[in-house]
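In what follows, a single structure is set out as structure tokens and then discussed.
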Amino acid sequence: MFAPPHMDPMMIRSALINVMTGAAIKAGRGLKRDFGEIGNLQVSMKGPGDFVSLADKRAEAVLFEELSRARPGYGFIMEESGAVEGSDKSHTWHIDPLDATTNFLHAIPVFAVSIGLEREGQIVAGVVYNPATDETYVAEKGQGAFGDNRRLRVAARRDLDQALFGCGVPHLGKAHEHPRFKAELAAVMARVVNVRRMGCAALDLANVAAGRFDAFWERGLKSWDMAAGALLVREAGGYITGADGEENFLETGAVCAGNEFMHKALLGLLASAR
């Protein structure tokens, strides 16, 4: 069984987390190899686009094979292959084999494998792994969140004028969402010290859990983008809902996360931009 790189003795050693980290690292090996090649490709939509799609699908196939073997019967919701119903109706994997494809395409080392496990409607375990940096973040319901050689805790800051927020920017294909985003960004920029856009929702949520970002919001996500990261935030003592305060954010695709104060403040700022 694989063990996550940089795993601290404090980190969760359950059989479930070992299975998930093992699968993420195995998939990540292929992505790391492919990432080393991407910079050598001619930058055209056809070349790198096809290459990244192949890397994505290969990584997803590894995850499906490893997780199916370890936990037969569990269902899957996957970015590339869609939903695969399992004989065990109470468990579903939410997996993104390559979160931040655009970063990968441009040889930016900010991308991740994300695996979340849903049990009877609740996310109970999550792993986020960046193959480019060997950073691993893990969480299990009731057991805390760990990564970067330590237990994760959300930032304690309460002053907006000292806060750094993260966000996601709608891409060109979502141009109809640009006006709302620009209004929300303006409302946030008027109150916080600055805003960052890293381009990888799974790692953005890990950054909230680790206390690097005081809060984060994004719209237009899928469950596989958020499932693991959402549990990281909650197990690190943070709050997470939809960007409009809804509880079913895995379904709506809009997310807002932070410590208790920053989460509430960000929800207010987003509401003021409507």
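We name chains A, B, ... following the order of the structure tokens; residues begin at 1 in each chain, and ligands are numbered from 1 as shown.
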Q | Contact residues around region 151-153 of chain A with only C-alpha atoms at 9 Å, ignoring same-chain residues under 5 positions, as a VMD selection string | A | chain A and resid 8 10 to 11 137 144 to 146 206 208 to 211 232 to 233 235 to 238
Q | Residue list (helix (DSSP H, G or I), DSSP) for region 44-250 of chain A, as a ChimeraX atom specification | A | /A:46-70,101-105,160-162,172-189,201-209,223-235,249-250
Would you list the contacts of region 241-256 of chain A as a compact mmCIF listing (two decimals) with N, CA and C atoms, in the first residue's frame, taking every protein, DNA or RNA residue within 8 Å and counting only C-alpha atoms, but skipping same-chain residues closer than 4 positions in sequence?
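Ended up saving to result.txt:
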# COMPACT_ATOMS: atom_id res chain seq x y z
N ALA A 215 -10.77 33.14 3.08
CA ALA A 215 -12.05 32.68 2.53
C ALA A 215 -11.88 32.45 1.04
N PHE A 216 -12.86 31.76 0.45
CA PHE A 216 -12.81 31.44 -0.97
C PHE A 216 -14.23 31.31 -1.49
N TRP A 217 -14.44 31.78 -2.74
CA TRP A 217 -15.74 31.54 -3.37
C TRP A 217 -15.55 31.25 -4.86
N GLU A 218 -16.46 30.48 -5.39
CA GLU A 218 -16.47 30.20 -6.82
C GLU A 218 -17.84 29.64 -7.18
N ARG A 219 -18.24 29.92 -8.42
CA ARG A 219 -19.48 29.38 -8.96
C ARG A 219 -19.16 28.50 -10.17
N GLY A 220 -20.10 27.66 -10.56
CA GLY A 220 -19.93 26.85 -11.76
C GLY A 220 -19.07 25.62 -11.57
N LEU A 221 -18.98 25.13 -10.34
CA LEU A 221 -18.18 23.93 -10.06
C LEU A 221 -19.05 22.67 -10.13
N LYS A 222 -18.39 21.52 -10.08
CA LYS A 222 -19.05 20.22 -10.02
C LYS A 222 -18.70 19.54 -8.70
N SER A 223 -19.43 18.50 -8.35
CA SER A 223 -19.19 17.85 -7.06
C SER A 223 -17.77 17.34 -6.93
N MET A 226 -15.26 19.82 -5.54
CA MET A 226 -15.44 20.35 -4.19
C MET A 226 -15.50 19.32 -3.08
N ALA A 227 -15.85 18.09 -3.40
CA ALA A 227 -16.18 17.12 -2.35
C ALA A 227 -15.05 16.96 -1.33
N HIS A 263 -16.51 33.52 6.58
CA HIS A 263 -17.56 32.90 5.78
C HIS A 263 -18.82 33.77 5.78
N LEU A 266 -18.12 37.05 3.84
CA LEU A 266 -18.07 36.86 2.39
C LEU A 266 -19.47 36.64 1.83
N LEU A 267 -20.30 35.87 2.52
CA LEU A 267 -21.68 35.69 2.07
C LEU A 267 -22.39 37.05 1.96
N LEU A 270 -21.08 38.95 -1.14
CA LEU A 270 -21.63 38.39 -2.37
C LEU A 270 -23.09 38.78 -2.54
N ALA A 271 -23.84 38.78 -1.44
CA ALA A 271 -25.25 39.17 -1.50
C ALA A 271 -25.40 40.64 -1.88
Q.
Restricting the calculation to only C-alpha atoms: of A:Gly147, A:Gly199, A:Pro109, A:Gly126, which residue gets closest to Lys32 (chain A)?
A. A:Pro109
**Q.** Straight-line distance linking CA of Glu177 (chain A) with CA of Phe111 (chain A), stated in Å to one decimal
**A.** 23.3 Å
Proximity check region 75-148 of chain A to region 59-71 of chain A, 8 Å, nearest pairs one decimal Å, only C-alpha atoms, as CSV:
residue,atom,partner,partner_atom,distance
A:Met78,CA,A:Glu60,CA,7.8
A:Glu80,CA,A:Glu60,CA,7.4
A:Ile95,CA,A:Glu60,CA,7.9
A:Asp96,CA,A:Glu60,CA,7.4
A:Pro97,CA,A:Glu60,CA,5.0
A:Leu98,CA,A:Ala59,CA,7.6
Please write the residues from the selection above to a file, keeping all heavy atoms, as a short mmCIF file (atom, residue, chain, number, x, y, z; two decimals), in the first residue's frame.
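Saved to selection.cif:
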data_model
loop_
_atom_site.label_atom_id
_atom_site.label_comp_id
_atom_site.auth_asym_id
_atom_site.auth_seq_id
_atom_site.Cartn_x
_atom_site.Cartn_y
_atom_site.Cartn_z
N MET A 78 -17.63 10.83 -11.92
CA MET A 78 -16.32 11.20 -12.44
C MET A 78 -16.44 12.28 -13.50
O MET A 78 -17.42 12.34 -14.23
CB MET A 78 -15.64 9.97 -13.04
CG MET A 78 -15.41 8.85 -12.04
SD MET A 78 -14.70 7.35 -12.80
CE MET A 78 -16.18 6.65 -13.57
N GLU A 80 -14.66 12.73 -16.31
CA GLU A 80 -14.56 12.27 -17.70
C GLU A 80 -15.62 11.24 -18.05
O GLU A 80 -16.22 11.29 -19.11
CB GLU A 80 -13.17 11.69 -17.96
CG GLU A 80 -12.04 12.70 -17.81
CD GLU A 80 -12.15 13.86 -18.78
OE1 GLU A 80 -12.62 13.65 -19.91
OE2 GLU A 80 -11.77 14.98 -18.40
N ILE A 95 -14.70 11.90 -8.02
CA ILE A 95 -13.28 12.02 -8.35
C ILE A 95 -13.03 12.94 -9.53
O ILE A 95 -13.75 12.94 -10.52
CB ILE A 95 -12.63 10.64 -8.60
CG1 ILE A 95 -13.20 9.94 -9.82
CG2 ILE A 95 -12.78 9.75 -7.39
CD1 ILE A 95 -12.47 8.66 -10.18
N ASP A 96 -12.01 13.74 -9.37
CA ASP A 96 -11.50 14.59 -10.44
C ASP A 96 -10.04 14.20 -10.65
O ASP A 96 -9.19 14.44 -9.78
CB ASP A 96 -11.58 16.07 -10.05
CG ASP A 96 -11.30 16.99 -11.23
OD1 ASP A 96 -10.71 16.53 -12.21
OD2 ASP A 96 -11.66 18.18 -11.17
N PRO A 97 -9.73 13.56 -11.77
CA PRO A 97 -8.37 13.08 -11.98
C PRO A 97 -7.36 14.19 -12.26
O PRO A 97 -6.17 14.02 -12.06
CB PRO A 97 -8.50 12.17 -13.20
CG PRO A 97 -9.67 12.71 -13.94
CD PRO A 97 -10.61 13.23 -12.90
N LEU A 98 -7.87 15.34 -12.72
CA LEU A 98 -6.98 16.47 -13.03
C LEU A 98 -7.76 17.77 -12.87
O LEU A 98 -8.36 18.27 -13.83
CB LEU A 98 -6.42 16.33 -14.45
CG LEU A 98 -5.53 17.46 -14.97
CD1 LEU A 98 -4.38 17.76 -14.01
CD2 LEU A 98 -4.98 17.12 -16.36
#
(Q) Among region 15-155 of chain A, which residues does DSSP mark as strand (DSSP E) when it is run on the backbone? Keep the chain and numbering as in the structure and answer as an MDAnalysis selection string. (A) chainID A and resid 74:78 82:84 88:99 112:119 122:130 135:140 144:147 150:151
Selected residues written out with C-alpha atoms, as an mmCIF file, in the first residue's frame:
data_model
loop_
_atom_site.group_PDB
_atom_site.id
_atom_site.type_symbol
_atom_site.label_atom_id
_atom_site.label_comp_id
_atom_site.auth_asym_id
_atom_site.auth_seq_id
_atom_site.Cartn_x
_atom_site.Cartn_y
_atom_site.Cartn_z
ATOM 1 C CA TYR A 74 -19.038 1.625 -4.599
ATOM 2 C CA GLY A 75 -20.502 4.000 -7.170
ATOM 3 C CA PHE A 76 -18.590 6.742 -8.993
ATOM 4 C CA ILE A 77 -19.230 10.284 -10.173
ATOM 5 C CA MET A 78 -16.323 11.201 -12.440
ATOM 6 C CA GLY A 82 -19.744 10.479 -15.690
ATOM 7 C CA ALA A 83 -21.746 8.408 -13.198
ATOM 8 C CA VAL A 84 -21.190 4.699 -12.679
ATOM 9 C CA ASP A 88 -23.467 -0.540 -2.858
ATOM 10 C CA LYS A 89 -25.989 2.318 -3.034
ATOM 11 C CA SER A 90 -24.771 3.993 0.174
ATOM 12 C CA HIS A 91 -21.249 4.843 -1.083
ATOM 13 C CA THR A 92 -20.186 7.040 -4.009
ATOM 14 C CA TRP A 93 -16.744 8.297 -5.034
ATOM 15 C CA HIS A 94 -16.544 11.857 -6.402
ATOM 16 C CA ILE A 95 -13.283 12.015 -8.349
ATOM 17 C CA ASP A 96 -11.496 14.595 -10.442
ATOM 18 C CA PRO A 97 -8.369 13.081 -11.978
ATOM 19 C CA LEU A 98 -6.984 16.466 -13.028
ATOM 20 C CA ASP A 99 -8.407 19.572 -11.404
ATOM 21 C CA ALA A 112 -4.540 18.211 -8.278
ATOM 22 C CA VAL A 113 -6.075 14.785 -8.067
ATOM 23 C CA SER A 114 -9.202 15.061 -5.910
ATOM 24 C CA ILE A 115 -11.082 12.133 -4.339
ATOM 25 C CA GLY A 116 -14.097 12.488 -2.063
ATOM 26 C CA LEU A 117 -16.174 9.651 -0.624
ATOM 27 C CA GLU A 118 -19.884 10.172 -0.033
ATOM 28 C CA ARG A 119 -21.631 7.849 2.421
ATOM 29 C CA GLN A 122 -22.474 12.943 3.485
ATOM 30 C CA ILE A 123 -18.843 13.384 2.440
ATOM 31 C CA VAL A 124 -16.881 11.301 4.947
ATOM 32 C CA ALA A 125 -13.352 11.234 3.503
ATOM 33 C CA GLY A 126 -11.297 13.366 1.150
ATOM 34 C CA VAL A 127 -7.846 13.433 -0.423
ATOM 35 C CA VAL A 128 -6.340 16.236 -2.508
ATOM 36 C CA TYR A 129 -2.920 15.557 -4.035
ATOM 37 C CA ASN A 130 -0.737 17.843 -6.162
ATOM 38 C CA GLU A 135 1.616 17.970 -1.426
ATOM 39 C CA THR A 136 -1.069 15.722 0.045
ATOM 40 C CA TYR A 137 -4.103 16.857 2.044
ATOM 41 C CA VAL A 138 -6.365 14.357 3.770
ATOM 42 C CA ALA A 139 -9.493 14.490 5.915
ATOM 43 C CA GLU A 140 -11.849 11.973 7.434
ATOM 44 C CA GLY A 144 -9.528 16.238 11.456
ATOM 45 C CA ALA A 145 -7.715 17.484 8.355
ATOM 46 C CA PHE A 146 -3.995 17.107 7.750
ATOM 47 C CA GLY A 147 -1.413 18.219 5.238
ATOM 48 C CA ARG A 150 0.689 19.342 10.247
ATOM 49 C CA ARG A 151 -2.882 19.338 11.382
#
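Coordinates place CA of Arg197 (chain A) at a distance of 17.8 Å from CA of Ala230 (chain A).
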Q: Select, from A:Gly268, A:Gly142, A:Pro170, A:Pro131, the residue with the minimum atom-to-atom distance to Ala24 (chain A), counting only C-alpha atoms.
A: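 Closest to Ala24 (chain A) of all the choices is A:Pro131.
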Q: To one decimal in Å, tell me the separation between CA of Gly86 (chain A) and CA of Gly121 (chain A).
A: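 Distance between the two atoms: 14.8 Å.
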